[in-house]
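What's in target_18.txt: compact mmCIF, C-alpha atoms and all ligand atoms
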```
# COMPACT_ATOMS: atom_id res chain seq x y z
CA MET J 123 122.81 166.44 54.10
CA THR J 124 122.32 163.24 56.06
CA ARG J 125 119.52 161.10 54.77
CA HIS J 126 117.49 159.02 57.17
CA PRO J 127 115.52 155.92 56.26
CA SER J 128 111.86 156.77 55.92
CA PRO J 129 108.96 154.34 55.91
CA VAL J 130 108.67 154.46 52.14
CA THR J 131 107.08 151.04 52.03
CA ARG J 132 104.50 150.07 54.60
CA HIS J 133 104.39 146.38 55.39
CA ASP J 134 100.69 146.16 54.65
CA VAL J 135 100.96 147.64 51.18
CA THR J 136 99.96 144.93 48.74
CA GLU J 137 100.43 146.74 45.43
CA PHE J 138 103.82 146.43 43.82
CA PRO J 139 105.78 149.60 43.20
CA PHE J 140 107.03 148.07 39.94
CA ASP J 141 106.13 145.24 37.62
CA PRO J 142 107.04 142.14 39.68
CA THR J 143 107.35 140.00 36.56
CA ALA J 144 110.35 142.11 35.50
CA VAL J 145 112.52 140.85 38.36
CA ALA J 146 113.06 137.24 37.27
CA PRO J 147 114.17 138.00 33.67
CA HIS J 148 116.70 140.57 34.89
CA LEU J 149 118.03 138.21 37.53
CA LEU J 150 118.20 135.20 35.23
CA ALA J 151 120.05 137.13 32.53
CA TRP J 152 122.56 138.34 35.12
CA TYR J 153 122.93 134.85 36.59
CA GLY J 154 123.70 133.39 33.16
CA VAL J 155 126.89 135.47 33.12
CA ASN J 156 127.70 135.89 36.81
CA GLY J 157 126.45 132.75 38.57
CA ARG J 158 129.00 131.14 40.87
CA ASP J 159 130.47 127.74 40.08
CA LEU J 160 130.13 125.90 43.38
CA PRO J 161 130.58 122.16 44.07
CA TRP J 162 126.89 121.63 44.90
CA ARG J 163 125.89 123.27 41.63
CA GLN J 164 127.19 120.31 39.68
CA THR J 165 124.39 118.05 40.86
CA ARG J 166 120.61 117.80 41.16
CA ASP J 167 120.93 115.18 43.89
CA PRO J 168 118.60 116.41 46.67
CA TYR J 169 120.82 114.81 49.32
CA ARG J 170 123.80 116.90 48.23
CA ILE J 171 121.75 120.05 47.84
CA TRP J 172 120.23 119.56 51.28
CA LEU J 173 123.69 119.04 52.79
CA SER J 174 125.00 122.23 51.16
CA GLU J 175 121.97 124.25 52.28
CA ILE J 176 122.36 123.11 55.88
CA MET J 177 126.08 123.88 55.85
CA LEU J 178 125.46 127.33 54.36
CA GLN J 179 122.87 128.28 56.99
CA GLN J 180 125.55 129.67 59.30
CA THR J 181 128.77 129.14 57.38
CA THR J 182 130.40 130.98 54.50
CA VAL J 183 130.83 129.29 51.13
CA THR J 184 134.62 129.29 51.46
CA ALA J 185 134.52 127.61 54.86
CA ALA J 186 131.81 125.13 53.83
CA ILE J 187 133.44 123.73 50.66
CA PRO J 188 136.12 121.49 52.29
CA TYR J 189 133.60 120.22 54.82
CA TYR J 190 131.07 119.48 52.08
CA GLN J 191 133.60 117.46 50.13
CA ARG J 192 134.89 115.58 53.18
CA PHE J 193 131.36 114.84 54.32
CA LEU J 194 130.39 113.42 50.94
CA ASN J 195 133.48 111.25 50.77
CA ALA J 196 132.47 109.68 54.08
CA CYS J 197 128.68 109.66 53.55
CA PRO J 198 127.91 109.82 49.82
CA ASP J 199 124.15 109.27 50.16
CA VAL J 200 121.32 109.50 52.65
CA GLN J 201 121.54 105.79 53.45
CA SER J 202 125.20 105.96 54.45
CA LEU J 203 124.57 109.05 56.58
CA ALA J 204 121.64 107.37 58.32
CA ALA J 205 123.75 104.29 59.04
CA ALA J 206 126.79 106.22 60.32
CA PRO J 207 127.34 106.36 64.08
CA PHE J 208 126.64 109.83 65.46
CA GLY J 209 130.25 110.11 66.66
CA ARG J 210 131.38 109.84 63.04
CA VAL J 211 128.94 112.55 61.91
CA ILE J 212 129.99 114.97 64.64
CA ASP J 213 133.66 114.32 63.86
CA LEU J 214 133.00 115.27 60.24
CA TRP J 215 131.24 118.44 61.39
CA ALA J 216 133.83 119.46 64.01
CA GLY J 217 134.97 123.04 63.46
CA LEU J 218 131.89 124.15 61.48
CA GLY J 219 130.02 125.30 64.59
CA TYR J 220 126.28 125.32 65.31
CA TYR J 221 126.46 121.63 66.07
CA SER J 222 122.70 121.13 66.34
CA ARG J 223 122.87 121.15 62.53
CA ALA J 224 124.86 117.89 62.58
CA ARG J 225 122.44 116.34 65.04
CA HIS J 226 119.45 117.33 62.87
CA LEU J 227 121.21 116.19 59.71
CA HIS J 228 121.76 112.75 61.16
CA ARG J 229 118.21 112.48 62.54
CA THR J 230 116.69 113.66 59.26
CA ALA J 231 118.71 111.12 57.25
CA GLN J 232 117.39 108.38 59.54
CA LEU J 233 113.82 109.63 59.12
CA ILE J 234 114.15 109.73 55.34
CA VAL J 235 115.29 106.11 55.38
CA THR J 236 112.75 104.84 57.90
CA ALA J 237 109.68 107.04 57.31
CA HIS J 238 110.10 107.86 53.60
CA GLY J 239 111.56 104.56 52.42
CA GLY J 240 114.83 106.25 51.43
CA ARG J 241 113.06 108.55 48.95
CA PHE J 242 114.02 112.18 49.42
CA PRO J 243 110.82 114.21 50.00
CA ASP J 244 110.10 116.67 47.18
CA THR J 245 107.52 119.05 48.66
CA VAL J 246 108.00 122.03 50.95
CA ALA J 247 105.49 120.61 53.44
CA GLU J 248 107.21 117.24 53.74
CA LEU J 249 110.68 118.75 53.92
CA ALA J 250 109.76 121.42 56.45
CA ALA J 251 108.43 118.69 58.75
CA LEU J 252 111.96 117.24 59.09
CA PRO J 253 114.43 118.31 61.80
CA GLY J 254 116.62 121.28 60.88
CA ILE J 255 114.73 122.15 57.68
CA GLY J 256 112.81 125.42 57.82
CA ARG J 257 110.52 126.85 55.17
CA SER J 258 113.32 128.61 53.31
CA THR J 259 115.64 125.60 53.22
CA ALA J 260 112.72 123.46 52.07
CA GLY J 261 112.03 125.99 49.31
CA ALA J 262 115.67 125.93 48.24
CA ILE J 263 115.72 122.12 48.01
CA VAL J 264 112.46 121.97 46.04
CA SER J 265 113.62 124.72 43.65
CA ILE J 266 117.21 123.65 43.15
CA ALA J 267 116.92 119.86 43.24
CA PHE J 268 113.44 119.39 41.76
CA ASP J 269 113.21 122.56 39.64
CA ARG J 270 109.78 123.44 40.99
CA PRO J 271 108.99 127.01 42.06
CA ALA J 272 109.09 127.55 45.82
CA PRO J 273 109.94 130.85 47.51
CA ILE J 274 113.13 131.26 49.53
CA LEU J 275 113.86 133.76 52.27
CA ASP J 276 117.34 133.05 53.55
CA GLY J 277 119.60 135.84 54.80
CA ASN J 278 120.79 136.87 51.35
CA VAL J 279 117.34 136.89 49.75
CA ARG J 280 115.88 138.72 52.72
CA ARG J 281 118.42 141.54 52.33
CA VAL J 282 117.74 141.84 48.59
CA LEU J 283 113.98 142.06 49.14
CA VAL J 284 114.25 144.51 52.03
CA ARG J 285 116.24 146.83 49.78
CA LEU J 286 114.26 146.19 46.63
CA PHE J 287 111.08 147.24 48.43
CA ALA J 288 112.80 149.67 50.84
CA VAL J 289 111.36 148.03 53.93
CA ALA J 290 111.86 150.37 56.86
CA GLY J 291 111.73 149.20 60.46
CA ASP J 292 112.56 145.78 61.80
CA PRO J 293 112.60 143.30 58.90
CA ARG J 294 112.19 140.45 61.42
CA SER J 295 108.87 141.75 62.73
CA THR J 296 105.91 139.47 62.16
CA ALA J 297 104.31 141.95 59.74
CA ALA J 298 107.53 142.41 57.72
CA GLU J 299 108.13 138.65 57.70
CA ARG J 300 104.66 138.01 56.27
CA GLN J 301 105.11 140.69 53.64
CA LEU J 302 108.57 139.48 52.63
CA TRP J 303 107.29 135.94 52.14
CA ARG J 304 104.48 137.27 50.03
CA TRP J 305 106.88 139.22 47.83
CA ALA J 306 109.24 136.26 47.62
CA THR J 307 106.32 134.11 46.45
CA VAL J 308 105.09 136.57 43.81
CA LEU J 309 108.59 137.21 42.42
CA THR J 310 109.39 133.50 42.02
CA PRO J 311 108.72 132.66 38.38
CA ALA J 312 106.82 129.58 37.27
CA GLY J 313 109.73 128.37 35.13
CA ARG J 314 113.48 128.00 35.71
CA ALA J 315 113.01 127.58 39.45
CA HIS J 316 116.41 125.90 39.73
CA ASP J 317 118.20 128.90 38.23
CA TYR J 318 116.08 131.61 39.83
CA ALA J 319 116.68 130.35 43.39
CA GLN J 320 120.42 130.35 42.86
CA ALA J 321 120.35 133.68 41.04
CA ILE J 322 118.67 135.60 43.84
CA MET J 323 120.89 133.93 46.45
CA ASP J 324 123.99 134.81 44.41
CA LEU J 325 122.86 138.41 43.99
CA GLY J 326 122.63 138.78 47.77
CA ALA J 327 125.96 137.03 48.32
CA THR J 328 128.01 138.86 45.70
CA VAL J 329 126.34 142.17 44.75
CA CYS J 330 123.71 143.18 47.29
CA THR J 331 126.13 142.51 50.15
CA PRO J 332 125.49 143.62 53.73
CA ARG J 333 127.86 146.58 53.99
CA ALA J 334 128.73 147.61 50.47
CA PRO J 335 126.02 146.82 47.90
CA ASP J 336 127.43 147.25 44.40
CA CYS J 337 124.32 148.87 42.91
CA PRO J 338 125.93 149.91 39.59
CA ALA J 339 126.55 146.20 38.92
CA CYS J 340 123.08 145.10 39.99
CA PRO J 341 120.55 143.83 37.45
CA LEU J 342 117.71 145.21 39.61
CA GLN J 343 119.05 148.75 39.98
CA GLU J 344 116.31 150.29 37.84
CA LEU J 345 113.59 148.74 40.00
CA CYS J 346 115.15 148.93 43.45
CA LEU J 347 113.44 151.40 45.77
CA ALA J 348 116.35 151.61 48.21
CA ARG J 349 118.67 152.46 45.32
CA ARG J 350 116.29 155.09 43.97
CA GLN J 351 116.10 156.72 47.39
CA GLY J 352 119.75 156.40 48.32
CA LEU J 353 118.94 154.07 51.20
CA GLU J 354 120.83 150.98 50.07
CA ARG J 355 123.45 151.25 52.81
CA GLN J 356 120.96 152.09 55.52
CA LEU J 357 118.71 149.10 54.93
CA PRO J 358 118.03 146.60 56.35
CA GLN J 359 117.71 148.33 59.70
CA ALA J 360 120.43 147.04 62.02
CA ARG J 361 119.28 144.68 64.71
CA LEU J 362 119.77 145.77 68.29
CA ARG J 363 122.32 143.40 69.76
CA LYS J 364 121.91 142.25 73.32
CA ALA J 365 125.01 142.24 75.51
CA VAL J 366 126.57 138.78 75.28
CA PRO J 367 127.83 137.17 78.51
CA VAL J 368 131.54 136.42 78.72
CA ARG J 369 132.86 133.21 80.31
CA ARG J 370 136.47 133.05 81.45
CA GLN J 371 138.18 129.69 81.10
CA VAL J 372 141.62 128.15 80.96
CA VAL J 373 142.43 125.37 78.51
CA LEU J 374 145.42 123.19 79.32
CA LEU J 375 147.58 121.20 76.95
CA VAL J 376 148.89 118.38 79.16
CA GLU J 377 151.71 116.64 77.33
CA GLY J 378 154.52 114.26 78.10
CA ASP J 379 156.28 111.31 76.43
CA GLY J 380 154.95 112.51 73.07
CA ARG J 381 151.33 112.21 74.21
CA CYS J 382 148.61 114.58 75.37
CA LEU J 383 145.28 114.40 77.12
CA VAL J 384 141.98 114.64 75.22
CA ARG J 385 138.47 113.35 75.64
CA ARG J 386 135.20 113.16 73.79
CA ARG J 387 132.43 115.19 75.42
CA PRO J 388 129.22 113.37 76.39
CA ALA J 389 126.92 112.84 73.41
CA GLU J 390 124.11 114.95 74.86
CA GLY J 391 124.28 118.66 75.65
CA PHE J 392 126.38 121.60 74.49
CA LEU J 393 129.09 120.59 71.97
CA GLY J 394 127.90 117.01 72.52
CA GLY J 395 130.13 114.31 71.03
CA LEU J 396 132.98 116.66 70.14
CA TRP J 397 136.57 116.31 71.36
CA GLU J 398 138.17 118.71 73.82
CA LEU J 399 141.31 119.49 75.78
CA PRO J 400 141.22 119.81 79.58
CA VAL J 401 139.40 123.00 80.47
CA ALA J 402 138.19 124.79 83.61
CA ASP J 403 136.07 127.83 84.38
CA LEU J 404 137.81 130.61 86.26
CA CYS J 405 136.24 131.60 89.56
CA ASP J 406 135.48 135.30 90.13
CA GLY J 407 138.73 137.26 89.87
CA GLU J 408 140.82 134.08 89.73
CA PRO J 409 144.08 134.42 87.75
CA PRO J 410 144.36 131.95 84.85
CA LEU J 411 147.53 130.40 86.31
CA SER J 412 145.76 129.49 89.53
CA ALA J 413 142.95 127.81 87.58
CA ALA J 414 145.49 125.98 85.42
CA VAL J 415 147.28 124.66 88.53
CA ARG J 416 143.95 123.54 90.00
CA LEU J 417 143.05 121.80 86.74
CA ALA J 418 146.42 120.06 86.52
CA MET J 419 145.98 118.72 90.06
CA GLU J 420 142.49 117.45 89.23
CA LEU J 421 144.08 115.57 86.36
CA GLY J 422 146.55 113.93 88.73
CA GLN J 423 149.52 115.98 87.53
CA THR J 424 152.24 117.25 89.82
CA GLY J 425 154.04 119.61 87.43
CA THR J 426 153.37 123.35 87.18
CA PRO J 427 151.67 124.63 84.04
CA ALA J 428 152.59 127.86 82.29
CA VAL J 429 150.06 130.31 80.84
CA VAL J 430 151.26 131.10 77.35
CA GLY J 431 148.49 133.04 75.61
CA GLN J 432 144.91 134.10 75.31
CA LEU J 433 142.13 133.98 72.74
CA LYS J 434 138.46 134.82 72.39
CA HIS J 435 135.84 132.61 70.80
CA ALA J 436 132.23 133.58 70.13
CA TYR J 437 129.31 131.20 70.41
CA SER J 438 125.77 132.21 69.51
CA HIS J 439 124.79 132.99 73.10
CA PHE J 440 128.07 133.79 74.87
CA THR J 441 131.73 134.55 74.31
CA VAL J 442 134.56 132.67 75.92
CA ASP J 443 137.74 134.39 77.03
CA LEU J 444 140.19 131.51 76.93
CA ALA J 445 143.59 131.51 78.65
CA LEU J 446 145.99 129.04 77.03
CA ALA J 447 148.19 126.98 79.32
CA ARG J 448 150.66 124.20 78.76
CA LEU J 449 152.01 121.54 81.08
CA SER J 450 155.03 119.70 79.71
CA GLY J 451 156.64 116.55 81.12
CA ALA J 452 153.29 115.16 82.26
CA THR J 453 153.06 111.67 83.68
CA GLY J 454 150.31 109.11 83.26
CA GLY J 455 148.70 109.97 86.59
CA ARG J 456 145.24 108.66 87.36
CA VAL J 457 143.53 110.26 84.39
CA ALA J 458 143.64 107.11 82.31
CA GLU J 459 140.88 105.77 84.54
CA GLY J 460 138.41 108.51 83.56
CA SER J 461 137.09 109.67 80.20
CA TRP J 462 140.44 111.35 79.47
CA GLN J 463 142.78 109.47 77.25
CA TRP J 464 146.37 109.84 76.15
CA LEU J 465 146.70 110.59 72.47
CA PRO J 466 149.96 110.71 70.50
CA LEU J 467 150.73 114.40 70.10
CA THR J 468 151.29 113.80 66.39
CA GLN J 469 147.58 112.96 66.06
CA LEU J 470 146.26 116.04 67.84
CA ARG J 471 146.00 118.19 64.71
CA ASP J 472 143.82 115.52 63.09
CA THR J 473 141.53 115.13 66.10
CA PRO J 474 138.11 116.78 65.58
CA LEU J 475 138.27 119.20 68.51
CA HIS J 476 135.43 121.71 68.74
CA GLY J 477 136.16 125.15 67.29
CA ALA J 478 137.48 126.98 70.38
CA HIS J 479 139.82 124.14 71.32
CA ARG J 480 140.95 123.71 67.73
CA LYS J 481 142.06 127.34 67.75
CA ALA J 482 143.66 126.86 71.17
CA MET J 483 145.48 123.71 70.02
CA GLN J 484 146.84 125.52 66.95
CA ARG J 485 148.16 128.35 69.12
CA LEU J 486 149.56 125.99 71.74
CA LEU J 487 151.36 123.84 69.20
CA GLY J 488 152.45 126.89 67.25
CA GLY J 489 154.26 126.25 64.00
CA ALA J 490 155.75 123.03 65.36
CA ASP J 491 154.17 119.83 64.27
CA GLY J 492 152.76 118.25 67.35
S1 LIG S 501 120.22 148.10 43.43
FE1 LIG S 501 121.65 147.93 45.12
S2 LIG S 501 120.40 147.82 46.96
FE2 LIG S 501 119.06 147.41 45.23
S3 LIG S 501 119.01 145.20 45.06
FE3 LIG S 501 120.62 145.93 43.71
S4 LIG S 501 122.52 145.88 44.93
FE4 LIG S 501 120.77 145.70 46.33
```

Since I need it in another form, could you write the structure as structure tokens?
Ligand code: SF4
Amino acid sequence: MTRHPSPVTRHDVTEFPFDPTAVAPHLLAWYGVNGRDLPWRQTRDPYRIWLSEIMLQQTTVTAAIPYYQRFLNACPDVQSLAAAPFGRVIDLWAGLGYYSRARHLHRTAQLIVTAHGGRFPDTVAELAALPGIGRSTAGAIVSIAFDRPAPILDGNVRRVLVRLFAVAGDPRSTAAERQLWRWATVLTPAGRAHDYAQAIMDLGATVCTPRAPDCPACPLQELCLARRQGLERQLPQARLRKAVPVRRQVVLLVEGDGRCLVRRRPAEGFLGGLWELPVADLCDGEPPLSAAVRLAMELGQTGTPAVVGQLKHAYSHFTVDLALARLSGATGGRVAEGSWQWLPLTQLRDTPLHGAHRKAMQRLLGGADG
């Protein structure tokens, strides 16, 4: 028999269906054995914890680790980040996506130096007033760096609580949001805030996972309402996804004499400050080769490009369908006068192209070292 989610927990119910003080001891005992050993767990430095929290907002742990380490090598403290040119910051972030995070990171570092005298704020209110730091990230920094209890409601914690309390309906509704924050606040223990925050985040990341929660391994299985009712795979309710627009483009690797064309995008606007290869939008129904020829001519090239592949890249608000083209034997042309510049092909792999063009470059260069 198919089971359907039922509104077992109304959002306005204020009584707890179990003893809320039982959650933290179970979680902390589990965390003592199963907690993950991550680079940002070896410090209480709020700057490092903030950096890791921002990186993890839209990036997996595995993808974030090399960026975290590279970032810290270049900017080991808030002062060095504040003093770094924005171009340097965006180069360090290139490939991580959601580039407004880098912009906010830089701005916040400058504010901490100028408005807070270089002292890292240690309250949720002060932190949440800074660019790029929401209530949950502020709570994570206060808990993890300063070991003071502050609730967290990031994606992992939200999923755990929705299941623990079997929240039916849209967990992003205003009513559900208010209720989830309330539960998050009551469940947060007065002591061991540093460990508790990481424990509940780890539970969501490793046990109470989106598609396949491992309930038999969960320290909260005796309490969890979704588990008791067999709803753990049906909650949280899936969000209705809007159709995402698709843009068709051609990206062109223009190379000759061991060099290729690249440029840095303007600092302001979409993908601001990142590096890119020549690219053009396709007109309605236009074949990629025709757009590649047009682009080559705009770049002052007389040769004929070849279309050699295709890839898709998803941004938050649209997807790009990218034809990959290559023009070999290019000449200097008039491009040197504009923002385009010739770069030794051997340096292309180390150039911080934005994510879509990094993928395109890797495909265009193939296994050969550029
Ligand atoms: S019992 Fe299952 S659904 Fe409930 S919190 Fe644990 S892993 Fe998640």

Problem set entry | Best match for closeness to Val235 in chain J among J:Thr184, J:Tyr169, J:Val145, J:Arg285, counting only C-alpha atoms |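 Between J:Thr184, J:Tyr169, J:Val145, J:Arg285, the residue approaching Val235 in chain J most closely is J:Tyr169.
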
Per residue of chain J within 6 Å of ligand LIG 501 (chain S), record the nearest atom pair and its distance in Å to one decimal, counting all atoms listed in the file, with rows in chain order and ascending residue number, as JSON lines.
```
{"residue": "J:Val282", "atom": "CA", "partner": "S:LIG501", "partner_atom": "S3", "distance": 5.0}
{"residue": "J:Arg285", "atom": "CA", "partner": "S:LIG501", "partner_atom": "S2", "distance": 5.1}
{"residue": "J:Leu286", "atom": "CA", "partner": "S:LIG501", "partner_atom": "S3", "distance": 5.1}
{"residue": "J:Val329", "atom": "CA", "partner": "S:LIG501", "partner_atom": "S4", "distance": 5.3}
{"residue": "J:Cys330", "atom": "CA", "partner": "S:LIG501", "partner_atom": "S4", "distance": 3.8}
{"residue": "J:Pro335", "atom": "CA", "partner": "S:LIG501", "partner_atom": "S4", "distance": 4.7}
{"residue": "J:Asp336", "atom": "CA", "partner": "S:LIG501", "partner_atom": "S4", "distance": 5.1}
{"residue": "J:Cys337", "atom": "CA", "partner": "S:LIG501", "partner_atom": "FE1", "distance": 3.6}
{"residue": "J:Cys340", "atom": "CA", "partner": "S:LIG501", "partner_atom": "FE3", "distance": 4.5}
{"residue": "J:Leu342", "atom": "CA", "partner": "S:LIG501", "partner_atom": "FE3", "distance": 5.1}
{"residue": "J:Gln343", "atom": "CA", "partner": "S:LIG501", "partner_atom": "S1", "distance": 3.7}
{"residue": "J:Cys346", "atom": "CA", "partner": "S:LIG501", "partner_atom": "FE2", "distance": 4.6}
{"residue": "J:Ala348", "atom": "CA", "partner": "S:LIG501", "partner_atom": "S2", "distance": 5.7}
{"residue": "J:Arg349", "atom": "CA", "partner": "S:LIG501", "partner_atom": "S1", "distance": 5.0}
{"residue": "J:Glu354", "atom": "CA", "partner": "S:LIG501", "partner_atom": "S2", "distance": 4.5}
```

For this session: Can you pull out every residue within 9 Å of Tyr153 in chain J, counting all atoms listed in the file, but drop anything in the same chain fewer than 6 positions away, and send it as an NGL selection string?
Result: :J and (317-318 or 320-322 or 324-325)

Problem set entry | Given all atoms listed in the file as the counted atoms, nearest of J:Thr296, J:Gln469, J:Gln432, J:Thr230 to Leu446 in chain J |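 Smallest distance to Leu446 in chain J is found for J:Gln432.
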
Exercise. What gap, in Å, lies between CA of Leu465 in chain J and CA of Lys481 in chain J?
Worked result: 18.0 Å

For this session: Can you work out the spacing between CA of Ala414 in chain J and CA of Gly378 in chain J in Å, to one decimal?
Result: 16.5 Å

As JSON, what would the box around range 200-214 of chain J look like: edges along x, y and z, 4 Å added on every side, centre and edge lengths in Å to one decimal?
```
{"center_x": 127.5, "center_y": 109.8, "center_z": 59.7, "size_x": 20.3, "size_y": 19.0, "size_z": 22.0}
```

Around the point (108.0, 140.5, 49.8) (coordinates from the file), which residues reach within 12 Å if we count all atoms listed in the file? Answer as a PDB file with C-alpha atoms, in the frame of the given file.
```
ATOM      1  CA  THR J 131     107.080 151.040  52.030  1.00  0.00           C
ATOM      2  CA  ARG J 132     104.500 150.070  54.600  1.00  0.00           C
ATOM      3  CA  HIS J 133     104.390 146.380  55.390  1.00  0.00           C
ATOM      4  CA  ASP J 134     100.690 146.160  54.650  1.00  0.00           C
ATOM      5  CA  VAL J 135     100.960 147.640  51.180  1.00  0.00           C
ATOM      6  CA  THR J 136      99.960 144.930  48.740  1.00  0.00           C
ATOM      7  CA  GLU J 137     100.430 146.740  45.430  1.00  0.00           C
ATOM      8  CA  PHE J 138     103.820 146.430  43.820  1.00  0.00           C
ATOM      9  CA  PRO J 139     105.780 149.600  43.200  1.00  0.00           C
ATOM     10  CA  PRO J 142     107.040 142.140  39.680  1.00  0.00           C
ATOM     11  CA  PRO J 273     109.940 130.850  47.510  1.00  0.00           C
ATOM     12  CA  ILE J 274     113.130 131.260  49.530  1.00  0.00           C
ATOM     13  CA  LEU J 275     113.860 133.760  52.270  1.00  0.00           C
ATOM     14  CA  VAL J 279     117.340 136.890  49.750  1.00  0.00           C
ATOM     15  CA  ARG J 280     115.880 138.720  52.720  1.00  0.00           C
ATOM     16  CA  ARG J 281     118.420 141.540  52.330  1.00  0.00           C
ATOM     17  CA  VAL J 282     117.740 141.840  48.590  1.00  0.00           C
ATOM     18  CA  LEU J 283     113.980 142.060  49.140  1.00  0.00           C
ATOM     19  CA  VAL J 284     114.250 144.510  52.030  1.00  0.00           C
ATOM     20  CA  ARG J 285     116.240 146.830  49.780  1.00  0.00           C
ATOM     21  CA  LEU J 286     114.260 146.190  46.630  1.00  0.00           C
ATOM     22  CA  PHE J 287     111.080 147.240  48.430  1.00  0.00           C
ATOM     23  CA  ALA J 288     112.800 149.670  50.840  1.00  0.00           C
ATOM     24  CA  VAL J 289     111.360 148.030  53.930  1.00  0.00           C
ATOM     25  CA  PRO J 293     112.600 143.300  58.900  1.00  0.00           C
ATOM     26  CA  ALA J 297     104.310 141.950  59.740  1.00  0.00           C
ATOM     27  CA  ALA J 298     107.530 142.410  57.720  1.00  0.00           C
ATOM     28  CA  GLU J 299     108.130 138.650  57.700  1.00  0.00           C
ATOM     29  CA  ARG J 300     104.660 138.010  56.270  1.00  0.00           C
ATOM     30  CA  GLN J 301     105.110 140.690  53.640  1.00  0.00           C
ATOM     31  CA  LEU J 302     108.570 139.480  52.630  1.00  0.00           C
ATOM     32  CA  TRP J 303     107.290 135.940  52.140  1.00  0.00           C
ATOM     33  CA  ARG J 304     104.480 137.270  50.030  1.00  0.00           C
ATOM     34  CA  TRP J 305     106.880 139.220  47.830  1.00  0.00           C
ATOM     35  CA  ALA J 306     109.240 136.260  47.620  1.00  0.00           C
ATOM     36  CA  THR J 307     106.320 134.110  46.450  1.00  0.00           C
ATOM     37  CA  VAL J 308     105.090 136.570  43.810  1.00  0.00           C
ATOM     38  CA  LEU J 309     108.590 137.210  42.420  1.00  0.00           C
ATOM     39  CA  THR J 310     109.390 133.500  42.020  1.00  0.00           C
TER      40      THR J 310
END
```

For this session: For range 381-389 of chain J, please output as a ChimeraX atom specification all residues within 10 Å (counting all atoms listed in the file; exclusion window: fewer than 5 positions along the same chain).
Result: /J:208-209,212,374-376,394-400,421,449-454,457-458,460-470,473-476,492

Problem set entry | Selected residue, from J:Ser258, J:His439, J:Thr143, J:Arg471, that lies nearest to Arg363 in chain J when counting all atoms listed in the file | J:His439

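Using all atoms listed in the file for every distance, the candidate list J:Gly391, J:Gly477, J:Pro409, J:Gly313 yields J:Gly477 as the residue closest to Leu433 in chain J.
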
Problem set entry | Selected residue, from J:Arg416, J:Asn278, J:Gly488, J:Gln351, that lies nearest to Val430 in chain J when counting all atoms listed in the file |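 Smallest separation from Val430 in chain J among the options: J:Gly488.
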
For this session: Considering only C-alpha atoms, state which residue in the set J:Val373, J:Ala428, J:Leu203, J:Ala402 is at the smallest distance from His228 in chain J.
Result: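 Checking each of J:Val373, J:Ala428, J:Leu203, J:Ala402 against His228 in chain J, counting only C-alpha atoms, the winner is J:Leu203.
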
Exercise. CA of Ala315 in chain J and CA of Pro271 in chain J, how far apart in Å?
Worked result: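 These atoms are spaced 4.8 Å apart.
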
For this session: Do a neighbour search on range 174-179 of chain J at 7 Å with only C-alpha atoms, toss out local chain neighbours closer than 3 positions, and write the hits as an MDAnalysis selection string.
Result: chainID J and resid 162 170:171 182:183 186 190 223 259
